[in-house]
>>> print(open('coords-v7.csv').read())   # CSV, C-alpha atoms
chain,number,residue,atom,x,y,z
A,12,MET,CA,36.3,19.1,0.6
A,13,SER,CA,36.5,15.7,-1.2
A,14,THR,CA,39.9,14.5,-2.5
A,15,PHE,CA,40.7,12.5,-5.7
A,16,PRO,CA,44.2,11.0,-5.7
A,17,ASP,CA,45.8,11.3,-9.2
A,18,ASP,CA,47.1,7.7,-9.2
A,19,LEU,CA,43.5,6.4,-9.4
A,20,LEU,CA,40.9,6.2,-12.2
A,21,PHE,CA,37.2,6.9,-11.5
A,22,THR,CA,33.7,6.1,-12.8
A,23,ARG,CA,30.8,8.4,-13.0
A,24,GLU,CA,29.1,6.0,-10.5
A,25,HIS,CA,31.6,7.1,-7.8
A,26,THR,CA,33.9,4.1,-7.7
A,27,TRP,CA,37.7,4.2,-8.1
A,28,VAL,CA,40.3,1.7,-9.3
A,29,ARG,CA,44.0,1.4,-8.8
A,30,VAL,CA,45.8,-0.9,-11.2
A,31,ASP,CA,49.1,-2.6,-10.6
A,32,ASP,CA,50.1,-5.0,-13.5
A,33,ASN,CA,46.9,-7.0,-13.9
A,34,ILE,CA,45.6,-6.5,-10.4
A,35,ALA,CA,42.9,-3.9,-9.7
A,36,THR,CA,41.9,-2.6,-6.3
A,37,ILE,CA,38.4,-1.1,-6.3
A,38,GLY,CA,36.6,1.1,-3.8
A,39,ILE,CA,34.2,4.1,-3.4
A,40,THR,CA,35.3,7.7,-3.7
A,41,ASP,CA,35.6,10.2,-0.9
A,42,TYR,CA,32.8,12.1,-2.6
A,43,ALA,CA,30.5,9.1,-2.4
A,44,GLN,CA,31.2,8.3,1.2
A,45,ASP,CA,30.7,11.9,2.2
A,46,ALA,CA,27.4,12.1,0.3
A,47,MET,CA,26.2,8.8,1.9
A,48,GLY,CA,27.1,9.6,5.5
A,49,ASP,CA,27.9,6.8,8.0
A,50,ILE,CA,27.8,3.5,6.1
A,51,LEU,CA,25.8,0.9,7.9
A,52,SER,CA,26.1,-2.2,5.7
A,53,VAL,CA,27.9,-3.5,2.6
A,54,LYS,CA,27.0,-6.4,0.4
A,55,LEU,CA,29.5,-7.5,-2.2
A,56,SER,CA,29.6,-10.2,-4.9
A,57,ASP,CA,31.3,-13.4,-3.8
A,58,ASN,CA,35.0,-14.0,-4.0
A,59,ASP,CA,35.9,-15.9,-7.2
A,60,SER,CA,32.9,-14.5,-9.0
A,61,SER,CA,33.4,-12.4,-12.1
A,62,VAL,CA,32.5,-8.7,-12.6
A,63,GLU,CA,32.0,-6.8,-15.7
A,64,GLN,CA,32.8,-3.2,-16.4
A,65,ASP,CA,29.8,-0.9,-15.7
A,66,GLU,CA,28.0,-3.8,-13.9
A,67,SER,CA,27.0,-4.1,-10.3
A,68,PHE,CA,29.3,-5.8,-7.8
A,69,GLY,CA,27.2,-5.0,-4.7
A,70,PHE,CA,25.5,-2.4,-2.6
A,71,ILE,CA,26.3,-0.1,0.3
A,72,GLU,CA,23.8,1.3,2.7
A,73,SER,CA,23.7,4.3,5.0
A,74,ALA,CA,20.8,5.7,7.1
A,75,LYS,CA,20.1,8.0,4.1
A,76,THR,CA,20.2,5.7,1.2
A,77,THR,CA,21.4,2.5,-0.5
A,78,MET,CA,23.8,2.8,-3.4
A,79,GLU,CA,24.6,0.3,-6.1
A,80,LEU,CA,28.3,-0.3,-6.6
A,81,ILE,CA,29.3,-0.3,-10.3
A,82,SER,CA,32.6,-1.9,-11.3
A,83,PRO,CA,35.2,0.2,-13.1
A,84,ILE,CA,36.6,-2.9,-14.8
A,85,SER,CA,35.9,-6.5,-15.8
A,86,GLY,CA,37.7,-9.4,-14.2
A,87,GLU,CA,37.6,-12.0,-11.5
A,88,ILE,CA,37.2,-11.1,-7.9
A,89,ILE,CA,40.2,-12.5,-6.1
A,90,LYS,CA,39.9,-10.8,-2.7
A,91,ILE,CA,37.3,-9.1,-0.7
A,92,ASN,CA,38.2,-6.7,2.1
A,93,GLU,CA,37.3,-8.6,5.2
A,94,ASP,CA,38.4,-5.7,7.5
A,95,ILE,CA,35.2,-3.8,6.6
A,96,THR,CA,33.2,-6.6,8.2
A,97,ASP,CA,34.8,-5.6,11.5
A,98,ASP,CA,34.8,-1.9,11.0
A,99,LEU,CA,32.6,-0.3,8.4
A,100,GLY,CA,33.9,3.1,9.6
A,101,ILE,CA,37.0,2.7,7.4
A,102,LEU,CA,34.8,3.2,4.3
A,103,ASN,CA,34.1,6.7,5.6
A,104,SER,CA,37.4,7.5,7.1
A,105,ASP,CA,39.9,6.0,4.6
A,106,PRO,CA,38.0,5.2,1.3
A,107,TYR,CA,41.2,5.1,-0.8
A,108,ASP,CA,43.4,3.0,1.3
A,109,THR,CA,42.2,0.6,4.1
A,110,GLY,CA,38.6,1.1,3.0
A,111,TRP,CA,39.0,-0.6,-0.4
A,112,LEU,CA,36.2,-3.1,-1.3
A,113,ILE,CA,37.4,-5.8,-3.8
A,114,ILE,CA,40.6,-6.8,-5.7
A,115,VAL,CA,40.1,-8.0,-9.2
A,116,ASN,CA,42.2,-9.9,-11.7
A,117,VAL,CA,41.8,-7.7,-14.7
A,118,LYS,CA,40.4,-9.2,-17.9
A,119,ASP,CA,41.1,-6.4,-20.4
A,120,LEU,CA,43.4,-3.5,-19.5
A,121,SER,CA,42.1,-1.5,-22.5
A,122,GLU,CA,38.9,-0.9,-20.5
A,123,LEU,CA,40.8,1.6,-18.4
A,124,ASP,CA,40.5,4.0,-21.4
A,125,ASN,CA,36.8,4.3,-20.6
A,126,LEU,CA,37.5,5.7,-17.1
A,127,LEU,CA,38.0,9.3,-15.8
A,128,ASP,CA,41.3,10.5,-14.4
A,129,SER,CA,41.2,12.5,-11.2
A,130,TYR,CA,40.9,15.9,-13.0
A,131,GLU,CA,38.0,14.7,-15.1
A,132,TYR,CA,36.3,13.1,-12.1
A,133,SER,CA,36.8,16.3,-10.1
A,134,ASP,CA,35.2,18.3,-12.9
A,135,TYR,CA,32.3,15.8,-13.1
A,136,VAL,CA,31.6,16.1,-9.4
A,137,GLU,CA,31.9,19.9,-9.5
A,138,GLU,CA,29.3,19.9,-12.3
A,139,GLU,CA,27.0,18.0,-10.0
A,140,VAL,CA,27.5,20.6,-7.3
A,141,GLU,CA,26.8,23.4,-9.8
A,142,VAL,CA,23.6,21.6,-10.9
A,143,GLU,CA,22.4,21.9,-7.3
B,2,MET,CA,7.3,23.6,-18.6
B,3,GLU,CA,8.9,20.2,-17.9
B,4,GLU,CA,6.6,17.2,-18.2
B,5,TRP,CA,6.8,14.3,-15.8
B,6,ARG,CA,4.9,11.1,-15.6
B,7,PHE,CA,2.2,10.3,-13.1
B,8,ILE,CA,0.9,6.7,-12.6
B,9,PRO,CA,-2.4,6.8,-10.8
B,10,PHE,CA,-3.3,4.8,-7.6
B,11,GLU,CA,-4.0,1.1,-8.0
B,12,ARG,CA,-3.7,-1.8,-5.7
B,13,PHE,CA,-1.3,-4.7,-6.4
B,14,SER,CA,0.4,-7.5,-4.5
B,15,ALA,CA,3.5,-6.6,-2.5
B,16,PHE,CA,5.6,-8.5,-5.0
B,17,GLU,CA,4.2,-6.7,-8.1
B,18,ASN,CA,4.6,-3.4,-6.4
B,19,MET,CA,8.3,-3.9,-5.9
B,20,ALA,CA,8.8,-5.4,-9.3
B,21,THR,CA,7.1,-2.4,-10.9
B,22,ASP,CA,9.2,0.1,-9.0
B,23,GLU,CA,12.5,-1.6,-10.0
B,24,ALA,CA,11.4,-1.7,-13.6
B,25,ILE,CA,10.7,2.0,-13.6
B,26,LEU,CA,14.1,2.6,-12.0
B,27,LYS,CA,15.9,0.4,-14.6
B,28,VAL,CA,14.3,2.1,-17.6
B,29,GLY,CA,14.9,5.5,-16.0
B,30,GLN,CA,18.6,4.8,-15.9
B,31,GLN,CA,18.5,4.6,-19.7
B,32,ARG,CA,16.9,8.0,-19.8
B,33,GLN,CA,14.0,6.6,-21.7
B,34,THR,CA,11.4,7.9,-19.3
B,35,PRO,CA,10.7,11.2,-17.5
B,36,PRO,CA,10.7,11.6,-13.7
B,37,THR,CA,7.9,9.4,-12.5
B,38,LEU,CA,5.5,9.6,-9.5
B,39,ARG,CA,3.5,6.5,-8.8
B,40,PHE,CA,0.9,5.9,-6.2
B,41,TYR,CA,-0.2,2.5,-5.1
B,42,GLY,CA,-1.9,0.3,-2.5
B,43,TRP,CA,-1.7,-3.4,-1.5
B,44,THR,CA,-4.2,-6.1,-2.3
B,45,GLU,CA,-3.1,-8.0,0.8
B,46,PRO,CA,-1.6,-6.7,4.0
B,47,ALA,CA,2.2,-6.8,3.6
B,48,VAL,CA,5.5,-6.1,5.3
B,49,THR,CA,8.3,-4.6,3.2
B,50,ILE,CA,11.7,-5.0,4.7
B,51,GLY,CA,14.7,-2.9,3.9
B,52,TYR,CA,17.2,-4.3,1.4
B,53,SER,CA,19.7,-5.4,4.1
B,54,GLN,CA,17.2,-6.6,6.8
B,55,ASN,CA,16.9,-10.1,8.0
B,56,PRO,CA,13.1,-11.0,8.2
B,57,ARG,CA,13.6,-13.8,10.7
B,58,ARG,CA,15.4,-11.5,13.0
B,59,GLU,CA,13.7,-8.2,12.5
B,60,ILE,CA,10.0,-8.9,12.1
B,61,GLN,CA,7.7,-11.5,13.5
B,62,TYR,CA,8.0,-13.9,10.6
B,63,ASP,CA,5.7,-16.7,11.9
B,64,PHE,CA,3.0,-14.2,12.9
B,65,CYS,CA,3.1,-12.7,9.4
B,66,ARG,CA,3.0,-16.1,7.6
B,67,LYS,CA,0.1,-17.4,9.8
B,68,GLY,CA,-1.8,-14.1,9.4
B,69,GLY,CA,-1.6,-14.0,5.6
B,70,ILE,CA,0.7,-11.0,5.7
B,71,ASP,CA,3.0,-11.0,2.6
B,72,ILE,CA,6.7,-10.4,3.2
B,73,VAL,CA,8.8,-8.8,0.5
B,74,ARG,CA,12.3,-7.3,0.4
B,75,ARG,CA,12.4,-3.8,-1.0
B,76,PRO,CA,15.1,-2.6,-3.5
B,77,THR,CA,15.4,0.5,-1.3
B,78,GLY,CA,17.2,0.5,2.1
B,79,GLY,CA,15.8,1.5,5.4
B,80,LYS,CA,13.7,-0.4,7.9
B,81,ALA,CA,10.5,-2.5,7.8
B,82,VAL,CA,7.1,-1.0,7.0
B,83,PHE,CA,3.7,-2.7,7.6
B,84,HIS,CA,1.4,-1.8,4.7
B,85,ASP,CA,-2.3,-2.1,5.4
B,86,GLY,CA,-3.9,1.3,5.9
B,87,ASP,CA,-1.3,3.4,4.0
B,88,LEU,CA,-0.9,5.1,0.7
B,89,THR,CA,2.5,4.3,-0.8
B,90,TYR,CA,4.3,6.3,-3.4
B,91,SER,CA,7.4,5.7,-5.5
B,92,PHE,CA,9.4,8.5,-7.2
B,93,VAL,CA,12.1,8.0,-9.7
B,94,ALA,CA,14.3,10.8,-11.1
B,95,HIS,CA,17.8,11.4,-12.4
B,96,GLU,CA,20.0,13.2,-9.9
B,97,ARG,CA,21.2,15.5,-12.7
B,98,ASN,CA,17.7,16.7,-13.3
B,99,PRO,CA,18.1,20.4,-12.4
B,100,LEU,CA,15.2,20.2,-10.0
B,101,PHE,CA,17.1,17.5,-7.9
B,102,SER,CA,20.5,17.1,-6.4
B,103,THR,CA,23.2,14.7,-5.7
B,104,ASP,CA,22.7,15.7,-2.0
B,105,ILE,CA,20.5,12.9,-0.7
B,106,MET,CA,18.9,14.8,2.1
B,107,LYS,CA,18.0,17.7,-0.2
B,108,ASN,CA,16.0,15.3,-2.4
B,109,TYR,CA,14.3,13.9,0.7
B,110,GLY,CA,13.4,17.4,1.6
B,111,THR,CA,12.2,18.4,-1.8
B,112,ILE,CA,9.8,15.4,-2.0
B,113,SER,CA,8.7,15.8,1.6
B,114,ARG,CA,7.7,19.4,0.9
B,115,CYS,CA,5.5,18.3,-2.0
B,116,ILE,CA,3.8,15.7,0.3
B,117,ALA,CA,3.4,18.2,3.1
B,118,ARG,CA,1.7,20.7,0.7
B,119,GLY,CA,-0.6,17.9,-0.4
B,120,LEU,CA,-1.5,17.1,3.2
B,121,GLU,CA,-2.1,20.8,3.8
B,122,LYS,CA,-4.7,20.7,1.0
B,123,ALA,CA,-6.4,18.0,3.0
B,124,GLY,CA,-6.4,20.2,6.1
B,125,ILE,CA,-3.4,18.5,7.7
B,126,GLU,CA,-0.4,20.6,8.8
B,127,ALA,CA,2.8,18.5,8.5
B,128,ALA,CA,6.3,19.7,9.3
B,129,LEU,CA,9.7,18.4,8.1
B,130,VAL,CA,11.8,16.8,10.8
B,131,GLU,CA,14.9,18.8,11.7
B,132,GLU,CA,18.3,17.3,12.2
B,133,GLY,CA,18.8,15.2,15.3
B,134,ARG,CA,15.1,15.0,16.1
B,135,GLY,CA,13.4,12.0,17.5
B,136,SER,CA,14.0,8.9,19.6
B,137,ARG,CA,13.3,5.3,18.9
B,138,VAL,CA,10.2,3.5,20.0
B,139,GLY,CA,11.1,1.0,22.6
B,140,SER,CA,12.3,-2.3,21.2
B,141,LEU,CA,10.9,-1.6,17.7
B,142,ASP,CA,14.1,-0.4,16.2
B,143,SER,CA,13.7,-2.4,13.0
B,144,PHE,CA,10.5,-0.5,12.3
B,145,CYS,CA,10.6,2.5,9.9
B,146,PHE,CA,8.2,4.6,11.9
B,147,SER,CA,10.2,4.0,15.1
B,148,LEU,CA,12.4,7.0,14.3
B,149,PRO,CA,11.8,10.1,12.3
B,150,LEU,CA,14.8,11.0,10.1
B,151,ARG,CA,15.7,14.5,9.0
B,152,ASN,CA,13.3,15.8,6.3
B,153,GLU,CA,10.7,13.2,7.0
B,154,LEU,CA,7.2,14.4,7.9
B,155,LEU,CA,5.6,14.9,11.3
B,156,VAL,CA,2.1,15.9,12.2
B,157,GLY,CA,1.6,17.2,15.8
B,158,GLY,CA,5.1,15.9,16.5
B,159,LYS,CA,4.2,12.3,15.4
B,160,LYS,CA,5.6,10.6,12.3
B,161,ILE,CA,3.0,10.2,9.5
B,162,CYS,CA,5.2,9.3,6.5
B,163,GLY,CA,8.3,7.1,6.3
B,164,SER,CA,10.7,7.0,3.3
B,165,ALA,CA,13.6,5.1,1.9
B,166,GLN,CA,15.9,5.5,-1.1
B,167,LEU,CA,18.1,3.6,-3.6
B,168,ARG,CA,20.7,5.3,-5.8
B,169,SER,CA,21.8,3.5,-8.8
B,170,ARG,CA,23.6,4.8,-11.9
B,171,SER,CA,22.8,8.4,-11.0
B,172,VAL,CA,19.1,7.7,-10.7
B,173,PHE,CA,17.3,7.5,-7.4
B,174,LEU,CA,14.2,5.6,-6.4
B,175,GLN,CA,12.4,6.9,-3.3
B,176,HIS,CA,9.7,4.9,-1.6
B,177,GLY,CA,7.3,6.5,0.9
B,178,SER,CA,4.5,5.3,3.0
B,179,ILE,CA,1.8,7.8,4.1
B,180,LEU,CA,-0.3,6.4,6.9
B,181,LEU,CA,-4.0,6.8,6.2
B,182,ASP,CA,-5.0,4.6,9.1
B,183,PHE,CA,-2.7,3.2,11.8
B,184,ASP,CA,-3.2,0.3,14.1
B,185,PRO,CA,-0.5,0.3,16.8
B,186,GLU,CA,-1.4,-3.1,18.1
B,187,ILE,CA,-1.1,-5.1,14.9
B,188,THR,CA,2.0,-3.1,13.9
B,189,ALA,CA,3.7,-3.9,17.2
B,190,ARG,CA,2.7,-7.6,16.8
B,191,VAL,CA,4.3,-7.6,13.4
B,192,MET,CA,7.5,-5.9,14.6
B,193,TRP,CA,8.1,-6.8,18.2
B,194,LYS,CA,11.4,-8.3,19.4
B,195,ASN,CA,10.7,-8.8,23.0
B,196,GLU,CA,7.3,-9.9,24.1
B,197,GLU,CA,7.7,-8.5,27.6
B,198,ASN,CA,7.8,-5.0,26.0
B,199,LEU,CA,4.8,-5.5,23.7
B,200,MET,CA,2.3,-3.5,25.7
B,201,GLU,CA,4.8,-0.8,26.3
B,202,ASP,CA,5.7,-0.7,22.6
B,203,ILE,CA,2.0,-0.4,21.6
B,204,SER,CA,1.6,2.5,24.0
B,205,LYS,CA,4.8,4.2,22.7
B,206,LEU,CA,3.6,3.8,19.1
B,207,LYS,CA,0.3,5.5,19.9
B,208,ASN,CA,2.3,8.4,21.2
B,209,SER,CA,4.8,8.7,18.3
B,210,VAL,CA,3.0,7.7,15.1
B,211,THR,CA,-0.1,9.3,13.6
B,212,CYS,CA,-2.2,8.9,10.4
B,213,VAL,CA,-4.2,11.0,8.0
B,214,ASN,CA,-7.6,9.8,9.3
B,215,GLU,CA,-6.7,10.8,12.8
B,216,HIS,CA,-6.7,14.4,11.6
B,217,SER,CA,-9.8,14.3,9.4
B,218,GLU,CA,-13.3,13.9,10.9
B,219,ASN,CA,-14.8,12.1,7.9
B,220,GLY,CA,-11.6,10.6,6.5
B,221,ILE,CA,-10.1,11.4,3.1
B,222,GLU,CA,-10.6,9.4,0.0
B,223,THR,CA,-7.4,7.9,-1.2
B,224,ASP,CA,-8.0,9.2,-4.8
B,225,LEU,CA,-8.5,12.7,-3.4
B,226,LEU,CA,-5.3,12.7,-1.4
B,227,CYS,CA,-3.4,11.4,-4.4
B,228,ARG,CA,-4.8,14.3,-6.4
B,229,TYR,CA,-3.8,16.8,-3.8
B,230,ILE,CA,-0.2,15.4,-3.7
B,231,LYS,CA,0.0,15.3,-7.4
B,232,GLU,CA,-1.1,18.9,-7.7
B,233,SER,CA,1.4,19.8,-5.0
B,234,PHE,CA,4.3,18.3,-6.9
B,235,GLU,CA,3.2,20.3,-10.0
B,236,GLU,CA,3.0,23.6,-8.0
B,237,THR,CA,6.1,23.1,-6.0
B,238,MET,CA,8.3,21.8,-8.8
B,239,LYS,CA,6.7,23.9,-11.5
B,240,VAL,CA,6.2,20.8,-13.7
B,241,ARG,CA,3.2,19.1,-15.4
B,242,LEU,CA,2.4,15.6,-14.3
B,243,LEU,CA,0.9,13.7,-17.2
B,244,GLU,CA,-1.2,10.6,-16.3
B,245,SER,CA,0.3,7.5,-18.0
B,246,SER,CA,1.1,3.9,-17.4
B,247,LEU,CA,4.1,1.6,-17.7
B,248,THR,CA,5.9,1.5,-21.0
B,249,PRO,CA,6.1,-1.8,-22.9
B,250,ARG,CA,9.8,-2.1,-21.8
B,251,GLU,CA,8.8,-1.5,-18.2
B,252,GLU,CA,6.1,-4.1,-18.4
B,253,VAL,CA,8.6,-6.7,-19.7
B,254,LEU,CA,11.1,-5.9,-16.9
B,255,LYS,CA,8.3,-5.9,-14.3
B,256,GLU,CA,7.4,-9.5,-15.2
B,257,ARG,CA,11.0,-10.5,-15.2
B,258,PHE,CA,11.7,-9.0,-11.8
B,259,LEU,CA,8.5,-10.5,-10.4
B,260,ARG,CA,9.3,-14.0,-11.6
B,261,ASP,CA,13.0,-14.0,-11.1
B,262,LYS,CA,13.3,-11.9,-7.9
B,263,TYR,CA,10.4,-10.7,-5.9
B,264,LEU,CA,8.4,-13.9,-5.9
B,265,ARG,CA,11.5,-15.9,-4.9
B,266,PRO,CA,12.2,-16.7,-1.2
B,267,GLU,CA,16.0,-16.5,-2.0
B,268,TRP,CA,15.4,-12.8,-2.5
B,269,ASN,CA,12.8,-12.1,0.1
B,270,MET,CA,14.5,-14.1,2.9
B,271,GLU,CA,18.2,-13.9,2.0
B,272,GLY,CA,18.6,-11.0,-0.4
B,273,LYS,CA,20.1,-13.2,-3.1
B,274,VAL,CA,18.7,-14.0,-6.5
B,275,GLU,CA,19.8,-15.5,-9.8
B,276,ILE,CA,18.7,-13.5,-12.8
B,277,HIS,CA,19.4,-14.9,-16.3
B,278,GLY,CA,21.9,-17.5,-15.1
B,279,ARG,CA,24.1,-15.0,-13.2
B,280,ASN,CA,24.4,-15.1,-9.5
B,281,THR,CA,23.8,-11.6,-8.2
B,282,ASP,CA,22.6,-9.9,-5.1
B,283,ARG,CA,19.6,-7.8,-5.7
>>> encode(input="coords-v7.csv", output="C-alpha cells")
Amino acid sequence: MSTFPDDLLFTREHTWVRVDDNIATIGITDYAQDAMGDILSVKLSDNDSSVEQDESFGFIESAKTTMELISPISGEIIKINEDITDDLGILNSDPYDTGWLIIVNVKDLSELDNLLDSYEYSDYVEEEVEVE
Amino acid sequence: MEEWRFIPFERFSAFENMATDEAILKVGQQRQTPPTLRFYGWTEPAVTIGYSQNPRREIQYDFCRKGGIDIVRRPTGGKAVFHDGDLTYSFVAHERNPLFSTDIMKNYGTISRCIARGLEKAGIEAALVEEGRGSRVGSLDSFCFSLPLRNELLVGGKKICGSAQLRSRSVFLQHGSILLDFDPEITARVMWKNEENLMEDISKLKNSVTCVNEHSENGIETDLLCRYIKESFEETMKVRLLESSLTPREEVLKERFLRDKYLRPEWNMEGKVEIHGRNTDR
C-alpha cells in the first residue's frame, strides 16, 4: 500500500515537493517507485540549471520502463542528491526522505496552488487503480 | 467501438524512426491523437541503444561504424537491439485509456497478447514469458534479446520479440522488435564484449533466440504479418484500427526531433541534446 505524507504536495506525474521558505525538495512518490520496480538509473538536469513547473528535469529507468520526471515547481536547481549515485536503492526504499532527487530555489510560490495535496493525490491514484 | 490509428509499414532511417515515434508520443500527451500502432522497418542496418546505454561500452562501436550500421539512441529504456531482419512496432496510448493500465507489466502483457495472436494467425505459437524466467546469454548482457522479461514473447522457449517502454506525462510509448530473420553471428559481432567468448556467445544465441522465418517454410511477407497483428489488436482490444499517417503537427515535431536530437552525436553518443536553446537531456 503506497503512502502519501500530508506535509507534501504532489503532481499527477507522480513527483512530490516539500517546501521550506523558498527552498523546495523534490522526489518521486511511493506509488511511482512501486510501479517502476527496482530503479536502475537516474539522469537529472545539471546543478545550477533552471527548471519550470510541469517541465522535465530528468528520467528514471527500471527494468520495466523509463519515466520522465516532471517538476512540481519552477526555480533553480541548487543541489542534486549525490547519495543516489552510490545507492539507487534508496529511491525505492525511502522515496520521501533520503531518496529525494533535487533541491530547488523556488521562483514563484504561487505555483504551489496548482499542485495536489496528499488526499487529492491519493484519490487520483485510486482512480487509476479503479480504471484498471 | 473505439477507433485507434494505424500507420502502415514503411522503411525509414534509424534516425527518422526514432524522431517519428517521439513526435507521436508528444502529440499523444496533448490528447490530440488516438492510441496509435505503427509498423516500420529500416533502410539501413541499425543498432538502437536504450536511453541510458553507453554505445562505446555496450556495443562494438567501431565494427558498426566501419560496417555502415547506424547507431541511434532510443527514447525508450532497455537494452541494445540490432535491426536488420526485423519488423519493428511502436505503440502509443494514454495510461488512462480504459483498455490500458498504470501497471506497466499489464500493458506489456496486453500488447504481447495481441502480437502473439498475430503470430498465431501466421502459424506460429508464441507464449508469454512468466515471471523469473530466462537467463542471460553469455557476455551479451547489453543485448535486448539476451534475456526474456516477463510478458515478452517466446516461441519454442526462445525469444522472438523484445520490447521497451517510456512513460511520460501519463502516456506510454512501447517499442517492440519482432525478429523475421536472425543472424546470430553478426548480432554477436555487433554486441560482444569479450572476444574470447565470441564463438560461445554465437552458439548461445542460436539456442536462445528465434525468428519468424525459422518457423515458416516459405517465409511470411512483412505486409501480411503486419495485417495479422493489426487484426489481432482489433479482435483482442475490441477496437477499430483506421489506417492513417502522421498529423501535420507530428510531421513538424518529427523534423525538429530529427534535426535537433536524433541526427546529433551529442544525443546518440552521450544522451544530451540542446533543443531550442535549452540544455536538456533527451
>>> interface_residues(input="coords-v7.csv", of="chain A", to="chain B", cutoff="9 Å", atoms="only C-alpha atoms", output="NGL selection string")
:A and (23-24 or 46-47 or 52-57 or 60 or 67-70 or 72-81 or 139-140 or 142-143)
>>> write_last_selection(input="coords-v7.csv", atoms="C-alpha atoms", output="mmCIF file, in the frame of the given file")
data_model
loop_
_atom_site.group_PDB
_atom_site.id
_atom_site.type_symbol
_atom_site.label_atom_id
_atom_site.label_comp_id
_atom_site.auth_asym_id
_atom_site.auth_seq_id
_atom_site.Cartn_x
_atom_site.Cartn_y
_atom_site.Cartn_z
ATOM 1 C CA ARG A 23 30.800 8.400 -13.000
ATOM 2 C CA GLU A 24 29.100 6.000 -10.500
ATOM 3 C CA ALA A 46 27.400 12.100 0.300
ATOM 4 C CA MET A 47 26.200 8.800 1.900
ATOM 5 C CA SER A 52 26.100 -2.200 5.700
ATOM 6 C CA VAL A 53 27.900 -3.500 2.600
ATOM 7 C CA LYS A 54 27.000 -6.400 0.400
ATOM 8 C CA LEU A 55 29.500 -7.500 -2.200
ATOM 9 C CA SER A 56 29.600 -10.200 -4.900
ATOM 10 C CA ASP A 57 31.300 -13.400 -3.800
ATOM 11 C CA SER A 60 32.900 -14.500 -9.000
ATOM 12 C CA SER A 67 27.000 -4.100 -10.300
ATOM 13 C CA PHE A 68 29.300 -5.800 -7.800
ATOM 14 C CA GLY A 69 27.200 -5.000 -4.700
ATOM 15 C CA PHE A 70 25.500 -2.400 -2.600
ATOM 16 C CA GLU A 72 23.800 1.300 2.700
ATOM 17 C CA SER A 73 23.700 4.300 5.000
ATOM 18 C CA ALA A 74 20.800 5.700 7.100
ATOM 19 C CA LYS A 75 20.100 8.000 4.100
ATOM 20 C CA THR A 76 20.200 5.700 1.200
ATOM 21 C CA THR A 77 21.400 2.500 -0.500
ATOM 22 C CA MET A 78 23.800 2.800 -3.400
ATOM 23 C CA GLU A 79 24.600 0.300 -6.100
ATOM 24 C CA LEU A 80 28.300 -0.300 -6.600
ATOM 25 C CA ILE A 81 29.300 -0.300 -10.300
ATOM 26 C CA GLU A 139 27.000 18.000 -10.000
ATOM 27 C CA VAL A 140 27.500 20.600 -7.300
ATOM 28 C CA VAL A 142 23.600 21.600 -10.900
ATOM 29 C CA GLU A 143 22.400 21.900 -7.300
#
>>> atom_distance(input="coords-v7.csv", atom1="atom CA of B:Val240", atom2="atom CA of B:Leu120")
18.9 Å
>>> residues_around(input="coords-v7.csv", residues="stretch 34-49 of chain B", least_positions_apart="4", cutoff="9 Å", atoms="all atoms listed in the file", output="ChimeraX atom specification")
/B:4-15,18,22,25,28-30,60,65,69-75,80-95,98,191,227,231,242,248
>>> write_last_selection(input="coords-v7.csv", atoms="C-alpha atoms", output="CSV table (one decimal), in the frame of the given file")
chain,number,residue,atom,x,y,z
B,4,GLU,CA,6.6,17.2,-18.2
B,5,TRP,CA,6.8,14.3,-15.8
B,6,ARG,CA,4.9,11.1,-15.6
B,7,PHE,CA,2.2,10.3,-13.1
B,8,ILE,CA,0.9,6.7,-12.6
B,9,PRO,CA,-2.4,6.8,-10.8
B,10,PHE,CA,-3.3,4.8,-7.6
B,11,GLU,CA,-4.0,1.1,-8.0
B,12,ARG,CA,-3.7,-1.8,-5.7
B,13,PHE,CA,-1.3,-4.7,-6.4
B,14,SER,CA,0.4,-7.5,-4.5
B,15,ALA,CA,3.5,-6.6,-2.5
B,18,ASN,CA,4.6,-3.4,-6.4
B,22,ASP,CA,9.2,0.1,-9.0
B,25,ILE,CA,10.7,2.0,-13.6
B,28,VAL,CA,14.3,2.1,-17.6
B,29,GLY,CA,14.9,5.5,-16.0
B,30,GLN,CA,18.6,4.8,-15.9
B,60,ILE,CA,10.0,-8.9,12.1
B,65,CYS,CA,3.1,-12.7,9.4
B,69,GLY,CA,-1.6,-14.0,5.6
B,70,ILE,CA,0.7,-11.0,5.7
B,71,ASP,CA,3.0,-11.0,2.6
B,72,ILE,CA,6.7,-10.4,3.2
B,73,VAL,CA,8.8,-8.8,0.5
B,74,ARG,CA,12.3,-7.3,0.4
B,75,ARG,CA,12.4,-3.8,-1.0
B,80,LYS,CA,13.7,-0.4,7.9
B,81,ALA,CA,10.5,-2.5,7.8
B,82,VAL,CA,7.1,-1.0,7.0
B,83,PHE,CA,3.7,-2.7,7.6
B,84,HIS,CA,1.4,-1.8,4.7
B,85,ASP,CA,-2.3,-2.1,5.4
B,86,GLY,CA,-3.9,1.3,5.9
B,87,ASP,CA,-1.3,3.4,4.0
B,88,LEU,CA,-0.9,5.1,0.7
B,89,THR,CA,2.5,4.3,-0.8
B,90,TYR,CA,4.3,6.3,-3.4
B,91,SER,CA,7.4,5.7,-5.5
B,92,PHE,CA,9.4,8.5,-7.2
B,93,VAL,CA,12.1,8.0,-9.7
B,94,ALA,CA,14.3,10.8,-11.1
B,95,HIS,CA,17.8,11.4,-12.4
B,98,ASN,CA,17.7,16.7,-13.3
B,191,VAL,CA,4.3,-7.6,13.4
B,227,CYS,CA,-3.4,11.4,-4.4
B,231,LYS,CA,0.0,15.3,-7.4
B,242,LEU,CA,2.4,15.6,-14.3
B,248,THR,CA,5.9,1.5,-21.0
>>> closest_residue(input="coords-v7.csv", among="B:Leu129, B:Val210, B:Ala20, B:Ala123", to="B:Glu153", atoms="all atoms listed in the file")
B:Leu129
>>> atom_distance(input="coords-v7.csv", atom1="atom CA of B:Phe64", atom2="atom CA of B:Asp202")
16.8 Å
